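To be precise, the following lines are input25.cif, and they hold mmCIF, C-alpha atoms.
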data_run
#
loop_
_atom_site.label_atom_id
_atom_site.label_comp_id
_atom_site.auth_asym_id
_atom_site.auth_seq_id
_atom_site.Cartn_x
_atom_site.Cartn_y
_atom_site.Cartn_z
CA MET A 1 35.61 50.30 102.44
CA THR A 2 35.40 53.88 103.22
CA VAL A 3 38.60 55.57 104.29
CA ILE A 4 38.23 58.71 106.25
CA ILE A 5 41.22 60.96 106.30
CA ALA A 6 41.16 63.69 108.88
CA ALA A 7 42.18 66.98 107.40
CA GLN A 8 44.98 68.55 109.40
CA PRO A 9 45.07 72.33 109.66
CA ARG A 10 47.64 73.62 107.14
CA GLN A 11 49.95 76.38 108.27
CA GLU A 12 50.15 79.21 105.82
CA GLN A 13 53.43 78.98 103.91
CA ASP A 14 53.52 82.67 103.17
CA ASP A 15 53.33 83.80 106.75
CA ALA A 16 56.51 85.62 107.71
CA PRO A 17 58.15 84.60 110.97
CA ALA A 18 57.09 86.68 113.91
CA VAL A 19 59.45 89.53 114.75
CA ARG A 20 60.70 89.37 118.30
CA ALA A 21 59.73 92.50 120.16
CA TRP A 22 62.53 94.71 121.43
CA HIS A 23 62.66 95.97 124.97
CA PRO A 24 61.16 99.50 125.21
CA LEU A 25 64.49 100.93 126.31
CA THR A 26 66.19 99.22 123.36
CA ARG A 27 63.73 100.86 120.96
CA ILE A 28 64.34 104.29 122.50
CA ALA A 29 68.11 103.81 122.42
CA PHE A 30 67.98 102.75 118.77
CA ARG A 31 65.90 105.78 117.78
CA PHE A 32 68.36 108.11 119.51
CA CYS A 33 71.45 106.40 118.06
CA PHE A 34 69.90 106.41 114.60
CA GLY A 35 69.21 110.14 114.71
CA TYR A 36 72.42 111.20 116.44
CA PHE A 37 74.93 109.08 114.50
CA ALA A 38 73.26 109.90 111.17
CA LEU A 39 73.45 113.63 111.90
CA TYR A 40 77.03 113.38 113.18
CA CYS A 41 78.26 111.50 110.11
CA LEU A 42 76.55 113.88 107.70
CA CYS A 43 77.69 117.03 109.53
CA THR A 44 81.37 116.20 110.04
CA GLN A 45 84.40 115.08 108.11
CA VAL A 46 83.90 111.38 108.91
CA ILE A 47 81.62 111.08 105.87
CA SER A 48 84.39 112.21 103.52
CA PRO A 49 85.83 108.76 102.62
CA LEU A 50 82.39 107.63 101.43
CA LEU A 51 82.61 110.20 98.64
CA GLY A 52 85.63 108.35 97.28
CA PHE A 53 86.95 109.92 94.09
CA VAL A 54 84.51 112.86 94.37
CA SER A 55 86.23 114.32 97.43
CA ARG A 56 89.73 113.24 98.43
CA PRO A 57 89.35 111.43 101.79
CA SER A 58 92.39 113.04 103.40
CA ALA A 59 91.09 116.54 102.72
CA GLY A 60 88.10 116.14 105.03
CA LEU A 61 84.92 118.18 105.00
CA SER A 62 83.76 121.01 107.18
CA ALA A 63 80.41 120.66 108.88
CA GLY A 64 78.06 121.81 106.16
CA LEU A 65 74.72 120.04 106.62
CA LEU A 66 73.76 121.91 109.77
CA PRO A 67 73.65 125.64 108.92
CA ALA A 68 76.64 127.44 110.42
CA PRO A 69 74.49 130.41 111.55
CA LEU A 70 72.56 128.03 113.82
CA VAL A 71 75.81 126.89 115.47
CA ASP A 72 77.01 130.49 115.76
CA TRP A 73 73.69 131.48 117.35
CA ALA A 74 73.88 128.64 119.87
CA ALA A 75 77.49 129.54 120.71
CA ALA A 76 76.59 133.19 121.37
CA HIS A 77 73.18 132.86 123.06
CA VAL A 78 73.45 129.52 124.86
CA PHE A 79 77.15 129.20 125.73
CA GLY A 80 78.13 132.89 125.78
CA VAL A 81 80.89 132.51 123.18
CA HIS A 82 81.13 135.81 121.30
CA GLU A 83 84.47 135.32 119.58
CA PRO A 84 84.23 134.28 115.91
CA LEU A 85 84.20 130.51 115.56
CA VAL A 86 86.63 128.66 113.31
CA HIS A 87 84.45 127.20 110.54
CA GLU A 88 87.04 126.02 108.04
CA ALA A 89 88.32 122.45 108.32
CA THR A 90 91.53 122.10 110.32
CA ALA A 91 93.50 119.19 111.71
CA SER A 92 91.42 119.44 114.88
CA SER A 93 87.98 118.01 115.64
CA ASP A 94 87.96 119.72 119.03
CA ARG A 95 87.32 123.25 117.86
CA THR A 96 84.79 125.36 119.75
CA TYR A 97 82.62 125.02 116.64
CA ASP A 98 82.75 121.22 116.94
CA TRP A 99 81.68 121.12 120.57
CA VAL A 100 78.81 123.54 120.01
CA LEU A 101 77.80 121.51 116.95
CA LEU A 102 77.74 118.32 119.02
CA CYS A 103 75.49 119.97 121.60
CA CYS A 104 73.12 121.04 118.81
CA LEU A 105 73.10 117.51 117.42
CA LEU A 106 72.34 116.07 120.86
CA VAL A 107 69.35 118.37 121.29
CA ILE A 108 68.04 117.66 117.79
CA ALA A 109 68.47 113.90 118.23
CA ALA A 110 66.78 113.95 121.66
CA VAL A 111 63.78 115.90 120.33
CA ALA A 112 63.55 113.63 117.28
CA THR A 113 63.68 110.56 119.56
CA LEU A 114 60.85 111.92 121.70
CA VAL A 115 58.62 112.69 118.71
CA TRP A 116 59.45 109.36 117.03
CA SER A 117 58.71 107.43 120.23
CA VAL A 118 55.31 109.06 120.59
CA LEU A 119 54.22 108.70 116.97
CA ASP A 120 55.56 105.15 116.55
CA ARG A 121 54.94 103.82 120.06
CA HIS A 122 53.14 100.67 118.86
CA ARG A 123 56.01 99.32 116.70
CA ALA A 124 57.67 96.35 118.36
CA ALA A 125 61.06 96.42 116.59
CA TYR A 126 63.05 97.88 113.68
CA PRO A 127 64.94 94.91 112.20
CA ALA A 128 65.00 96.14 108.59
CA LEU A 129 65.95 99.70 109.52
CA LEU A 130 68.69 98.36 111.80
CA VAL A 131 70.24 96.35 108.96
CA TRP A 132 70.32 99.31 106.58
CA PHE A 133 71.57 101.70 109.23
CA ARG A 134 74.34 99.26 110.14
CA LEU A 135 75.28 99.20 106.47
CA PHE A 136 75.70 102.99 106.51
CA LEU A 137 77.75 102.96 109.72
CA ARG A 138 79.87 100.05 108.51
CA PHE A 139 81.17 101.92 105.50
CA THR A 140 81.48 105.24 107.32
CA LEU A 141 83.62 103.62 110.01
CA ALA A 142 85.47 101.47 107.47
CA GLY A 143 86.56 104.59 105.58
CA GLN A 144 88.02 106.18 108.70
CA LEU A 145 89.81 103.02 109.82
CA MET A 146 91.28 102.45 106.37
CA LEU A 147 92.33 106.11 106.10
CA TYR A 148 94.17 106.31 109.42
CA GLY A 149 95.42 102.72 109.20
CA THR A 150 96.95 103.20 105.75
CA ALA A 151 98.55 106.47 106.85
CA LYS A 152 100.27 104.63 109.69
CA VAL A 153 101.33 101.69 107.52
CA LEU A 154 103.03 104.11 105.12
CA LEU A 155 104.51 106.09 108.06
CA THR A 156 102.88 109.35 106.99
CA GLN A 157 100.68 110.05 110.01
CA MET A 158 103.55 109.82 112.47
CA PRO A 159 106.78 110.15 110.47
CA SER A 160 110.26 109.75 111.91
CA PRO A 161 111.13 112.53 114.39
CA PRO A 162 112.07 115.81 112.68
CA LEU A 163 115.70 116.85 112.93
CA THR A 164 114.76 119.75 115.17
CA THR A 165 113.09 117.35 117.60
CA LEU A 166 116.35 115.45 118.02
CA VAL A 167 117.99 118.52 119.57
CA THR A 168 114.94 119.77 121.50
CA PRO A 169 115.11 119.26 125.29
CA PHE A 170 112.66 116.57 126.41
CA GLY A 171 110.79 118.89 128.73
CA GLU A 172 110.08 121.36 125.93
CA LEU A 173 108.18 118.82 123.83
CA THR A 174 104.40 119.04 123.89
CA PRO A 175 102.52 115.89 124.94
CA MET A 176 101.32 115.42 121.35
CA GLY A 177 104.82 116.05 120.00
CA LEU A 178 106.19 113.44 122.38
CA LEU A 179 103.59 110.90 121.26
CA TRP A 180 104.21 111.59 117.57
CA SER A 181 107.99 111.34 117.99
CA SER A 182 107.78 108.17 120.09
CA VAL A 183 105.63 106.32 117.57
CA GLY A 184 107.57 107.78 114.62
CA ALA A 185 110.82 106.50 116.11
CA ALA A 186 109.39 102.95 116.18
CA PRO A 187 108.21 102.36 112.59
CA ALA A 188 107.56 98.64 113.15
CA TYR A 189 105.11 99.49 115.94
CA GLU A 190 103.40 102.15 113.83
CA ILE A 191 103.01 99.71 110.93
CA MET A 192 101.57 97.10 113.30
CA ILE A 193 98.88 99.35 114.79
CA GLY A 194 98.15 100.76 111.33
CA SER A 195 97.64 97.26 109.95
CA PHE A 196 95.30 96.56 112.87
CA GLU A 197 93.14 99.55 111.94
CA ALA A 198 93.26 99.02 108.18
CA ILE A 199 92.38 95.31 108.41
CA GLY A 200 89.51 96.14 110.76
CA GLY A 201 88.20 98.63 108.20
CA MET A 202 88.44 96.12 105.36
CA LEU A 203 86.61 93.48 107.40
CA LEU A 204 83.71 95.89 107.88
CA VAL A 205 83.13 95.91 104.13
CA LEU A 206 81.84 92.31 104.05
CA PRO A 207 78.69 91.35 105.99
CA ARG A 208 80.14 88.02 107.18
CA THR A 209 83.21 89.68 108.73
CA THR A 210 81.49 92.73 110.18
CA THR A 211 81.55 91.41 113.75
CA LEU A 212 85.28 90.70 113.60
CA GLY A 213 85.92 94.10 112.01
CA ALA A 214 83.85 95.84 114.70
CA LEU A 215 85.74 93.92 117.41
CA LEU A 216 89.13 94.96 116.00
CA GLY A 217 87.84 98.50 115.56
CA THR A 218 86.64 98.67 119.17
CA ILE A 219 89.97 97.47 120.53
CA GLY A 220 92.04 99.75 118.29
CA LEU A 221 89.86 102.83 118.77
CA THR A 222 89.88 102.38 122.54
CA GLN A 223 93.66 102.72 122.45
CA VAL A 224 93.42 105.71 120.10
CA PHE A 225 90.87 107.47 122.31
CA VAL A 226 92.93 106.93 125.48
CA LEU A 227 96.09 108.23 123.77
CA ASN A 228 94.20 111.29 122.51
CA LEU A 229 93.03 112.00 126.04
CA THR A 230 96.35 111.46 127.78
CA TYR A 231 98.54 113.21 125.18
CA ASP A 232 96.12 116.06 124.39
CA VAL A 233 95.69 115.17 120.72
CA PRO A 234 92.95 117.44 119.29
CA VAL A 235 90.78 114.66 117.84
CA LYS A 236 89.23 113.51 121.11
CA SER A 237 85.62 114.04 120.08
CA MET A 238 86.01 112.30 116.72
CA SER A 239 87.82 109.27 118.17
CA LEU A 240 85.13 108.95 120.84
CA HIS A 241 82.39 108.97 118.20
CA LEU A 242 84.20 106.44 116.02
CA LEU A 243 84.60 104.19 119.07
CA SER A 244 80.89 104.57 119.88
CA MET A 245 79.95 103.66 116.30
CA SER A 246 82.15 100.56 116.51
CA VAL A 247 80.47 99.50 119.76
CA PHE A 248 77.05 100.06 118.15
CA LEU A 249 78.01 97.71 115.30
CA LEU A 250 79.27 95.15 117.78
CA ALA A 251 76.25 95.32 120.10
CA PRO A 252 73.90 92.84 118.30
CA ASP A 253 76.54 90.09 118.52
CA LEU A 254 77.97 91.03 121.90
CA GLY A 255 75.89 88.45 123.74
CA ARG A 256 77.00 85.70 121.37
CA LEU A 257 80.65 86.72 121.82
CA LEU A 258 80.33 86.65 125.60
CA ASN A 259 78.76 83.18 125.41
CA VAL A 260 81.78 81.93 123.47
CA LEU A 261 84.46 83.68 125.53
CA LEU A 262 83.01 83.41 129.05
CA SER A 263 80.29 80.79 129.36
CA HIS A 264 81.36 78.37 126.59
CA ARG A 265 77.77 77.97 125.52
CA PRO A 266 76.86 76.90 121.98
CA VAL A 267 76.20 79.85 119.74
CA GLY A 268 73.77 79.80 116.86
CA LEU A 269 73.69 81.85 113.70
CA SER A 270 73.24 85.59 113.77
CA THR A 271 69.63 86.68 114.09
CA LEU A 272 70.19 89.82 112.02
CA PRO A 273 68.16 89.62 108.81
CA ALA A 274 69.69 90.02 105.37
CA LEU A 275 69.23 93.17 103.32
CA PHE A 276 66.81 91.46 100.92
CA GLU A 277 64.56 88.42 100.97
CA THR A 278 65.96 86.65 97.92
CA ARG A 279 69.40 85.11 97.54
CA ARG A 280 69.90 86.74 94.16
CA LEU A 281 69.33 90.25 95.48
CA ASN A 282 71.63 89.60 98.42
CA ARG A 283 74.38 88.42 96.07
CA MET A 284 73.97 91.61 94.05
CA ALA A 285 74.09 93.60 97.29
CA LEU A 286 77.32 91.83 98.27
CA LEU A 287 78.88 92.75 94.93
CA GLY A 288 77.75 96.34 95.44
CA GLN A 289 79.35 96.44 98.89
CA ILE A 290 82.63 95.13 97.51
CA LEU A 291 82.59 97.81 94.80
CA LEU A 292 81.78 100.48 97.38
CA GLY A 293 84.71 99.24 99.48
CA LEU A 294 87.01 99.67 96.48
CA TRP A 295 85.49 103.12 95.81
CA ILE A 296 86.55 104.10 99.34
CA ALA A 297 89.88 102.27 99.54
CA ILE A 298 91.50 103.25 96.22
CA PRO A 299 91.45 107.06 96.77
CA ILE A 300 92.67 106.52 100.33
CA ALA A 301 95.62 104.48 99.07
CA GLN A 302 96.36 107.10 96.38
CA ASP A 303 96.26 109.96 98.89
CA CYS A 304 98.50 108.15 101.36
CA MET A 305 101.01 107.25 98.65
CA ALA A 306 101.08 110.90 97.54
CA ALA A 307 101.65 111.98 101.15
CA TRP A 308 104.46 109.40 101.46
CA SER A 309 106.23 110.82 98.41
CA GLU A 310 105.62 114.50 99.32
CA HIS A 311 106.35 114.72 103.04
CA GLY A 312 106.81 111.13 104.21
CA GLU A 313 109.77 108.80 104.06
CA GLY A 314 109.73 108.86 100.25
CA ARG A 315 110.06 112.63 99.93
CA PRO A 316 113.10 114.06 98.11
CA LYS A 317 115.72 115.33 100.51
CA PRO A 318 117.30 118.73 99.89
CA PRO A 319 120.99 119.26 99.23
CA MET A 320 123.04 119.31 102.45
CA TYR A 321 120.32 117.34 104.27
CA GLY A 322 121.01 117.09 107.98
CA ILE A 323 121.95 119.02 111.11
CA TRP A 324 124.84 121.51 110.91
CA GLN A 325 126.54 122.93 113.97
CA VAL A 326 127.49 126.62 113.81
CA ASP A 327 131.13 126.57 114.91
CA ARG A 328 131.92 130.17 114.00
CA LEU A 329 129.76 133.25 113.36
CA VAL A 330 131.14 136.67 112.42
CA SER A 331 128.68 139.58 112.20
CA ASP A 332 129.79 142.97 110.82
CA GLY A 333 133.44 142.03 111.33
CA ARG A 334 132.99 140.95 114.99
CA GLU A 335 133.06 137.31 116.03
CA VAL A 336 129.98 136.42 118.07
CA PRO A 337 130.79 133.94 120.88
CA PRO A 338 128.33 131.04 121.49
CA LEU A 339 126.83 132.41 124.70
CA VAL A 340 123.51 130.92 125.86
CA THR A 341 122.48 134.44 126.90
CA ASP A 342 122.64 135.64 123.27
CA ASP A 343 119.22 134.81 121.80
CA ARG A 344 120.25 136.08 118.34
CA ARG A 345 123.33 133.94 117.86
CA TRP A 346 122.84 130.84 115.68
CA ARG A 347 123.56 127.47 117.28
CA ARG A 348 122.53 124.98 114.60
CA VAL A 349 120.94 125.01 111.15
CA PHE A 350 118.79 122.32 109.56
CA PHE A 351 118.31 121.27 105.96
CA GLU A 352 115.39 118.84 106.11
CA TYR A 353 112.63 119.74 103.65
CA PRO A 354 112.97 121.24 100.15
CA GLY A 355 112.38 124.98 100.18
CA GLU A 356 112.87 125.25 103.94
CA PHE A 357 115.77 126.28 106.19
CA LYS A 358 115.57 126.18 109.99
CA VAL A 359 117.79 127.91 112.51
CA GLN A 360 118.15 127.01 116.17
CA ARG A 361 119.39 129.91 118.27
CA MET A 362 121.36 129.73 121.50
CA ASP A 363 118.14 129.87 123.57
CA ASP A 364 116.92 126.78 121.61
CA SER A 365 114.21 128.74 119.80
CA ILE A 366 113.61 127.78 116.16
CA THR A 367 113.29 130.23 113.25
CA VAL A 368 112.02 128.93 109.92
CA TYR A 369 113.04 130.52 106.60
CA ARG A 370 111.99 129.94 103.03
CA ALA A 371 115.08 128.75 101.22
CA THR A 372 116.46 128.10 97.77
CA VAL A 373 119.62 126.01 97.88
CA ASP A 374 121.74 126.06 94.71
CA VAL A 375 124.84 124.00 95.42
CA ALA A 376 126.07 124.16 91.81
CA ASN A 377 126.11 127.97 91.80
CA HIS A 378 127.19 128.27 95.48
CA ARG A 379 124.10 130.24 96.49
CA LEU A 380 121.57 130.20 99.33
CA ASP A 381 118.56 132.55 99.20
CA LEU A 382 116.63 133.04 102.46
CA SER A 383 113.45 134.92 103.32
CA ARG A 384 111.24 134.98 106.40
CA TYR A 385 107.67 133.74 106.19
CA ASP A 386 106.41 137.01 107.70
CA SER A 387 108.33 139.10 105.11
CA PRO A 388 108.75 136.94 101.97
CA ASN A 389 109.80 139.89 99.79
CA VAL A 390 112.94 140.57 101.85
CA ILE A 391 115.49 138.09 100.51
CA SER A 392 118.95 137.52 101.92
CA THR A 393 121.46 136.03 99.50
CA LEU A 394 124.44 134.12 100.91
CA THR A 395 127.39 132.51 99.22
CA LEU A 396 127.55 128.79 99.96
CA GLU A 397 130.88 126.99 99.96
CA ILE A 398 131.28 123.27 100.74
CA PRO A 399 135.03 122.53 101.02
CA THR A 400 134.44 119.04 102.50
CA ALA A 401 131.47 116.73 103.00
CA ASP A 402 131.36 117.62 106.70
CA SER A 403 131.95 121.36 106.55
CA ALA A 404 130.42 124.41 104.86
CA ARG A 405 130.71 128.19 104.91
CA LEU A 406 128.08 130.88 104.42
CA SER A 407 128.96 134.49 103.71
CA GLY A 408 127.09 137.57 102.57
CA THR A 409 124.42 139.94 103.84
CA LEU A 410 121.81 138.47 106.20
CA GLU A 411 118.97 140.77 107.24
CA GLY A 412 121.16 143.84 106.94
CA HIS A 413 124.29 142.40 108.57
CA ARG A 414 127.45 141.22 106.88
CA VAL A 415 128.03 137.67 108.14
CA GLU A 416 130.45 134.79 107.84
CA ILE A 417 129.21 131.48 109.22
CA GLY A 418 131.20 128.26 109.61
CA LEU A 419 129.16 125.04 109.66
CA ARG A 420 130.04 121.48 110.71
CA HIS A 421 127.84 118.53 109.80
CA LEU A 422 126.56 116.44 112.73
CA ASP A 423 126.16 112.71 112.30
CA THR A 424 122.56 111.86 113.30
CA GLY A 425 123.77 108.33 113.97
CA THR A 426 125.25 109.61 117.21
CA PHE A 427 121.75 110.15 118.64
CA PRO A 428 120.77 107.04 120.68
CA LEU A 429 117.15 107.43 119.56
CA LEU A 430 118.24 106.64 116.00
CA SER A 431 121.33 104.52 116.53
CA ARG A 432 120.09 102.17 119.24
CA ARG A 433 118.69 99.05 117.54
CA PHE A 434 116.89 95.92 118.65
CA HIS A 435 118.71 93.51 120.99
CA TRP A 436 117.54 90.10 122.14
CA VAL A 437 120.17 89.85 124.88
CA GLN A 438 120.70 92.69 127.36
CA ASP A 439 122.25 92.04 130.75
CA TYR A 440 121.35 95.56 131.86
CA PRO A 441 119.02 98.24 130.49
CA TYR A 442 120.86 100.45 128.01
CA ASN A 443 122.23 103.66 129.50
CA PRO A 444 124.22 105.93 127.16
CA ASN A 445 125.86 107.64 130.14
CA SER A 446 127.13 104.44 131.76
CA ARG A 447 130.71 103.28 131.32
#
Show this structure as structure tokens.
Amino acid sequence: MTVIIAAQPRQEQDDAPAVRAWHPLTRIAFRFCFGYFALYCLCTQVISPLLGFVSRPSAGLSAGLLPAPLVDWAAAHVFGVHEPLVHEATASSDRTYDWVLLCCLLVIAAVATLVWSVLDRHRAAYPALLVWFRLFLRFTLAGQLMLYGTAKVLLTQMPSPPLTTLVTPFGELTPMGLLWSSVGAAPAYEIMIGSFEAIGGMLLVLPRTTTLGALLGTIGLTQVFVLNLTYDVPVKSMSLHLLSMSVFLLAPDLGRLLNVLLSHRPVGLSTLPALFETRRLNRMALLGQILLGLWIAIPIAQDCMAAWSEHGEGRPKPPMYGIWQVDRLVSDGREVPPLVTDDRRWRRVFFEYPGEFKVQRMDDSITVYRATVDVANHRLDLSRYDSPNVISTLTLEIPTADSARLSGTLEGHRVEIGLRHLDTGTFPLLSRRFHWVQDYPYNPNSR
């Protein structure tokens, strides 16, 4: 018997699965985002945490990749800005230099997108490049979220309100000062939002939790961006870019999230490819990402702990810490009455930070002195920041815990100053605690 077996066509085992073509607008948007975000990260301080132990994350970096002369030229010839630009890194990302830099980056990214789209117009998609670029953005954004989140958790970004703020009229606070004092006066809230940011940053380190980290980052950075806008905090441009990067990371899974939250449709596995084709290489890549996360996180934690011990809640407090009311002031043998029209008469003095002495005058203006307080030898040395070589030496006497006297020559005048310590617990902002039961809203002026 002859058996005839029909040979079935055998599909090639080595054929890679077909790559789904992207929409033309999606390809153009990816090319632009790739160019713009890469340039932005490399030209601004957001890349600093990636350097880990090489460059302390909290120090930041000035924009150095794009030549400063190019930015200066654009400022002068395109925008008509002829004043010298501030190039050194400051606490602001909204300098004139930054905005001109962003315009330059937009132009460069747009031109690069146009050239790329023409030369590579036949490519259907960029799945591999997307995965590697997401890896770069993940760790760049993770570093920023961990940096600002840890600073809030340790109460160093927004510390408790300074003593001078407690006696400053509400209307004289700046919007940013009001925001900083409000959050600083509610440490539990600051720790909560800091934990939200820090956890989001840590989730971005692992591929499996990237979507959740990007979702937390998008929610948290939306709040940060709105607060920066409404309270005039000078990091508007940076917070907007961090938010945009978070949305970019979230975009590939946004449809799947909407299916779960809105349509209740079944959701399959992520279609994003892995970094490598073999399981072994991907395991090695996972280990490398964990090590890179530690490389970023450890210096951030060290910097924030140092900030906590230097100028945060863990800082050493100077002798006579607190607010002292000036009850009596005699200058050149004549007693100076506490008239609000006398802008030279002292009203209060503040001992808050080591090496610093603040004076509030009758018009509520604040003067800051360098100070050396030597309680054991009954001596207080003062000098102005604008004339550090001119030192006034006063005799310091502390007869009781709540009173003190200063006497000696102060800026050419013979003075005697009587001080009375104010209990900061009398300020409702500090003394008012949490209450579950309140029949009426608290009003310190009600009887």
Evaluating the PyMOL selection byres ((chain A and resi 210-217) around 10) on the displayed file yields which residues, as a tab-separated table (two decimals) with C-alpha atoms, in the frame of the given file?
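Dumped everything to result_35.tsv:
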chain	number	residue	atom	x	y	z
A	134	ARG	CA	74.34	99.26	110.14
A	135	LEU	CA	75.28	99.20	106.47
A	138	ARG	CA	79.87	100.05	108.51
A	141	LEU	CA	83.62	103.62	110.01
A	142	ALA	CA	85.47	101.47	107.47
A	145	LEU	CA	89.81	103.02	109.82
A	196	PHE	CA	95.30	96.56	112.87
A	197	GLU	CA	93.14	99.55	111.94
A	198	ALA	CA	93.26	99.02	108.18
A	199	ILE	CA	92.38	95.31	108.41
A	200	GLY	CA	89.51	96.14	110.76
A	201	GLY	CA	88.20	98.63	108.20
A	202	MET	CA	88.44	96.12	105.36
A	203	LEU	CA	86.61	93.48	107.40
A	204	LEU	CA	83.71	95.89	107.88
A	205	VAL	CA	83.13	95.91	104.13
A	206	LEU	CA	81.84	92.31	104.05
A	207	PRO	CA	78.69	91.35	105.99
A	208	ARG	CA	80.14	88.02	107.18
A	209	THR	CA	83.21	89.68	108.73
A	218	THR	CA	86.64	98.67	119.17
A	219	ILE	CA	89.97	97.47	120.53
A	220	GLY	CA	92.04	99.75	118.29
A	221	LEU	CA	89.86	102.83	118.77
A	222	THR	CA	89.88	102.38	122.54
A	223	GLN	CA	93.66	102.72	122.45
A	242	LEU	CA	84.20	106.44	116.02
A	243	LEU	CA	84.60	104.19	119.07
A	245	MET	CA	79.95	103.66	116.30
A	246	SER	CA	82.15	100.56	116.51
A	247	VAL	CA	80.47	99.50	119.76
A	248	PHE	CA	77.05	100.06	118.15
A	249	LEU	CA	78.01	97.71	115.30
A	250	LEU	CA	79.27	95.15	117.78
A	251	ALA	CA	76.25	95.32	120.10
A	252	PRO	CA	73.90	92.84	118.30
A	253	ASP	CA	76.54	90.09	118.52
A	254	LEU	CA	77.97	91.03	121.90
A	257	LEU	CA	80.65	86.72	121.82
Quiz item: Hey, what's within 10 Å of Phe37 (chain A) if we count only C-alpha atoms and toss same-chain stuff fewer than 5 positions away? As a list in words, please?
Solution: Phe32, Leu42, Cys43, Leu105, Leu106, Ala109, Phe133, Leu137, His241, Leu242, Ser244, Met245 and Phe248 of chain A
Would you mind listing, for every residue of region 213-332 of chain A within 6 Å of region 339-348 of chain A, the two atoms forming the shortest contact and the distance between them in Å to one decimal, using all atoms listed in the file, sorted by chain and ascending residue number, as a Markdown table?
| residue | atom | partner | partner_atom | distance |
| --- | --- | --- | --- | --- |
| A:Trp324 | CA | A:Arg348 | CA | 5.6 |
| A:Gln325 | CA | A:Arg348 | CA | 4.5 |
| A:Val326 | CA | A:Arg348 | CA | 5.3 |
Quiz prompt | Between CA of Pro169 (chain A) and CA of Asp364 (chain A) - distance in Å to one decimal | solution =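 Those two atoms sit 8.6 Å apart.
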Quiz item: Distance CA of Cys33 (chain A)-CA of Leu281 (chain A), one decimal place?
Solution: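 Atom-to-atom, CA of Cys33 (chain A) and CA of Leu281 (chain A) are spaced 27.8 Å apart.
Minimum atom-to-atom distance to Thr424 (chain A), evaluated using only C-alpha atoms, belongs to A:Pro162 out of A:Thr278, A:Pro162, A:Tyr126, A:Leu291.
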Self-check item: Shell of 12 Å around Ala110 (chain A), all atoms listed in the file, local chain residues under 6 positions omitted, as a PyMOL selection string
Solution: chain A and resi 28-37+39+103-104+116-117
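With all atoms listed in the file as the atoms that count, the residue of A:Ala91, A:Val336, A:Leu178, A:Leu25 with the shortest distance to Ala124 (chain A) is A:Leu25.
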Quiz item: Written as a PyMOL selection string, what is the full residue list that the PyMOL selection byres ((chain A and resi 96) around 12) yields on the file shown?
Solution: chain A and resi 71-72+74-76+79-88+92-95+97-103+234+237
Practice problem: Provide the CA of Ile296 (chain A) to CA of Leu272 (chain A) distance in Å, to one decimal place. | Solution: 25.1 Å
Exercise. For Glu411 (chain A), please output as a VMD selection string all residues within 10 Å (counting all atoms listed in the file; exclusion window: fewer than 3 positions along the same chain).
Key: chain A and resid 382 to 384 390 to 393 408 414 to 415
Assuming 5 Å of padding per side, give the centre and edge lengths of the axis-aligned box around every listed atom of region 24-34 of chain A, in Å to one decimal and as lines of an AutoDock Vina configuration file.
center_x = 66.3
center_y = 103.7
center_z = 120.5
size_x = 20.3
size_y = 18.9
size_z = 21.7
Quiz prompt | Protein and nucleic acid residues near (58.6, 92.3, 119.7) (cut-off 7 Å, all atoms listed in the file) as an NGL selection string | solution = :A and (19-22 or 124-125)
Practice problem: Go through the shown structure with the PyMOL selection byres ((chain A and resi 160) around 12) and write out the matching residues as a PyMOL selection string. | Solution: chain A and resi 152+154-159+161-166+177-188+190+308+311-314+352+429-430
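Nearest-residue note for Leu380 (chain A): choosing from A:Phe357, A:Trp436, A:Tyr189, A:Tyr442, the minimum distance belongs to A:Phe357, counting all atoms listed in the file.
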